[in-house]
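Everything below concerns the one structure shown next.
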Amino acid sequence: MDTQVSKGKMGVTSLALFSLCAVIVVDTLTASASIGVSSIGWWLVTLVVFVIPYGLITSELGTTYPGDGGIYDWVKKAFGYKWAVRTTWFYWINVGLWMPAVYIMFAGMFAELFFPGLSLFWQIAICIALTWLTIWICNVSVDVGVWVTNIGAILKVTVITVLGVGGFVYAAKNGVANEFSLSAMMPSLDTGVAFLPALVFNLMGFELVATMTKEMKDVRDMPKSIFLAAIITAFLYVFGTVGILMALPMQDIGLVAGIIDTLRKLFGTGPFGQMMVYVIGTMALLTFIGNMVTWTMGASRAAAEAAGEGELPDAVAKMSEKYDTPVGANNITGMLSTVVILAYAVFAQTSDELFWSVFAFSSCIFLLPYLFMFPSYLKLRLADGERERPFRVPGGMGVQWALSIICFLTIVQAVVLFIFPDLLTLSVNWVYSAPVFIGVLLTVGAGEYLLMLAVKKKAQQEQQANFHEHTA
């Protein structure tokens, strides 16, 4: 995410807002509601076991090693440039893989809202059109980051608040659609385990604020802003999820149409109700575009920077002479998104299946850099322990090992369950798992090939430098 701040410097509030826009995603709210009432327990467990350690570790890394690279810088300092190249590759390429999932969701919701019964062909056409609209916006404007981030944050908070408040009002009038007893709210492995990784995915991205260190009034504000954003994010997710579950029976929640179905239930079929469904539904759709514009801008900029240093192919480094935007990285993202949309259209039958397959695939790639981030934290604590740390995670090294391992294993289980959601029942649905697993292997393989090229290129540059030194 790349936001230019022109007035003043970012304090705790503006940094927290930045994090909110980066982290909150409306499109996977229905996935967490699909777990059922036990999702409330799962949210609380995830918050305590994962988000607090993740926030602490991010705060220490961000304040101790400030810079525009964020997670890329930390991995590079800990494990060298090869692991940093892998990190940048996954961070950038996942946007091109995530975009299809978001726009498949958009097309499904758009159809549900305005054109019920819209064929899969036209939904795919909408996905491709939105992909190239996003790329065009990212190619022609840098300033769009400011208003997209701000408007996106406001729209996301509005949509989730309406779902939450509406759910409570609906329940007061009509009774609740699901049982909200203490036992029902307890985490349970027998309901919706396939959607548990979506909870982890929904809470990732707090480290993005570390790329804004140049804009901060005081780097020491970062921990406060991260925890403020984490508390607000967790509250909004739980509030929105509860709202959906108050109005819709768990078995009726569709991944794609769930939000529109909930709005229809909340506002009814009268003229005012229909208008509100259209207004709030359109707001939700706009948050999808906002999300993709901001993440594309940030990820492409990071990729272009890495390519400029010879760590990714030269085509990725291409910048617009007129607008100074990373057109090379943006255009490749658009092409990849288009290919993935077309490829997955062949595999999946319904928009729900299509959305979840592509979402699971892209999420695996999105989560891979975090498998490097937590070991990097430990390595830097051990190898660079003498460095001054404006914020330090409390406790001795035993505590740091425990927190890092918990975070690492949380990411591992999310990646595994995204690929093999039925694993806990010791069964594998290869019709679903095979395309996702093959997609992940191909993406990792492509990254390793690019890394091999980067290593060769660096070796040649060093040879040339040495040759010029000797001949000079």
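Ordering of the structure tokens sets the chain letters (A, B, ...); residue numbers start at 1 within each chain; ligands are numbered from 1 in the order shown.
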
Contact table segment 15-73 of chain A vs segment 403-423 of chain A, cut-off 12 Å, shortest pair per residue, only C-alpha atoms, as CSV:
residue,atom,partner,partner_atom,distance
A:Val45,CA,A:Thr410,CA,11.4
A:Thr46,CA,A:Thr410,CA,8.9
A:Leu47,CA,A:Cys407,CA,11.4
A:Val48,CA,A:Ile406,CA,11.1
A:Val49,CA,A:Ile406,CA,7.5
A:Phe50,CA,A:Cys407,CA,5.8
A:Val51,CA,A:Cys407,CA,8.5
A:Ile52,CA,A:Leu403,CA,9.3
A:Pro53,CA,A:Leu403,CA,5.7
A:Tyr54,CA,A:Cys407,CA,6.6
A:Gly55,CA,A:Cys407,CA,10.4
A:Leu56,CA,A:Leu403,CA,9.2
A:Ile57,CA,A:Ser404,CA,8.0
A:Thr58,CA,A:Ser404,CA,11.0

Could you name the residues that touch Val12 of chain A at 7 Å or less, counting only C-alpha atoms, but leaving out those on the same chain fewer than 5 positions away, as an mmCIF file with N, CA, C and O atoms, in the first residue's frame?
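This is the output file around26.cif:
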data_model
loop_
_atom_site.group_PDB
_atom_site.id
_atom_site.type_symbol
_atom_site.label_atom_id
_atom_site.label_comp_id
_atom_site.auth_asym_id
_atom_site.auth_seq_id
_atom_site.Cartn_x
_atom_site.Cartn_y
_atom_site.Cartn_z
ATOM 1 N N ASP A 221 5.474 5.748 18.120
ATOM 2 C CA ASP A 221 4.002 5.705 18.079
ATOM 3 C C ASP A 221 3.482 4.400 17.464
ATOM 4 O O ASP A 221 2.305 4.070 17.594
ATOM 5 N N LYS A 224 1.569 1.744 19.646
ATOM 6 C CA LYS A 224 0.225 2.224 20.052
ATOM 7 C C LYS A 224 -0.742 2.113 18.884
ATOM 8 O O LYS A 224 -1.881 1.660 19.037
ATOM 9 N N SER A 225 -0.289 2.552 17.697
ATOM 10 C CA SER A 225 -1.186 2.552 16.534
ATOM 11 C C SER A 225 -1.548 1.125 16.121
ATOM 12 O O SER A 225 -2.686 0.842 15.759
#

Distance atom CA of Leu380 of chain A-atom CA of Ala78 of chain A, one decimal place? 5.8 Å

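The residue that comes closest to Met283 of chain A, out of A:Lys322, A:Arg86, A:Lys156, A:Lys457 and on the basis of only C-alpha atoms, is A:Lys156.
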
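One finds atom CA of Thr333 of chain A at 23.6 Å from atom CA of Ala434 of chain A.
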
All residues 10 Å or closer to segment 304-313 of chain A, only C-alpha atoms, same chain fewer than 3 positions away omitted, as an NGL selection string: :A and (69 or 72 or 81-82 or 84-86 or 88-89 or 92 or 299-301 or 316-319 or 325-330 or 447 or 450-455 or 457-458 or 461)

Please report the interatomic distance between atom CA of Ser427 of chain A and atom CA of Val193 of chain A in Å with one decimal. 13.2 Å

Using only C-alpha atoms, which of the listed residues (A:Met292, A:Ala315, A:Leu182, A:Ile341) sits closest to Leu133 of chain A? A:Met292

Might you pull out every residue within 6 Å of segment 205-212 of chain A, with only C-alpha atoms counted and same-chain residues fewer than 6 positions away left off, and present them as a PyMOL selection string? chain A and resi 19+23+58+62+68-70
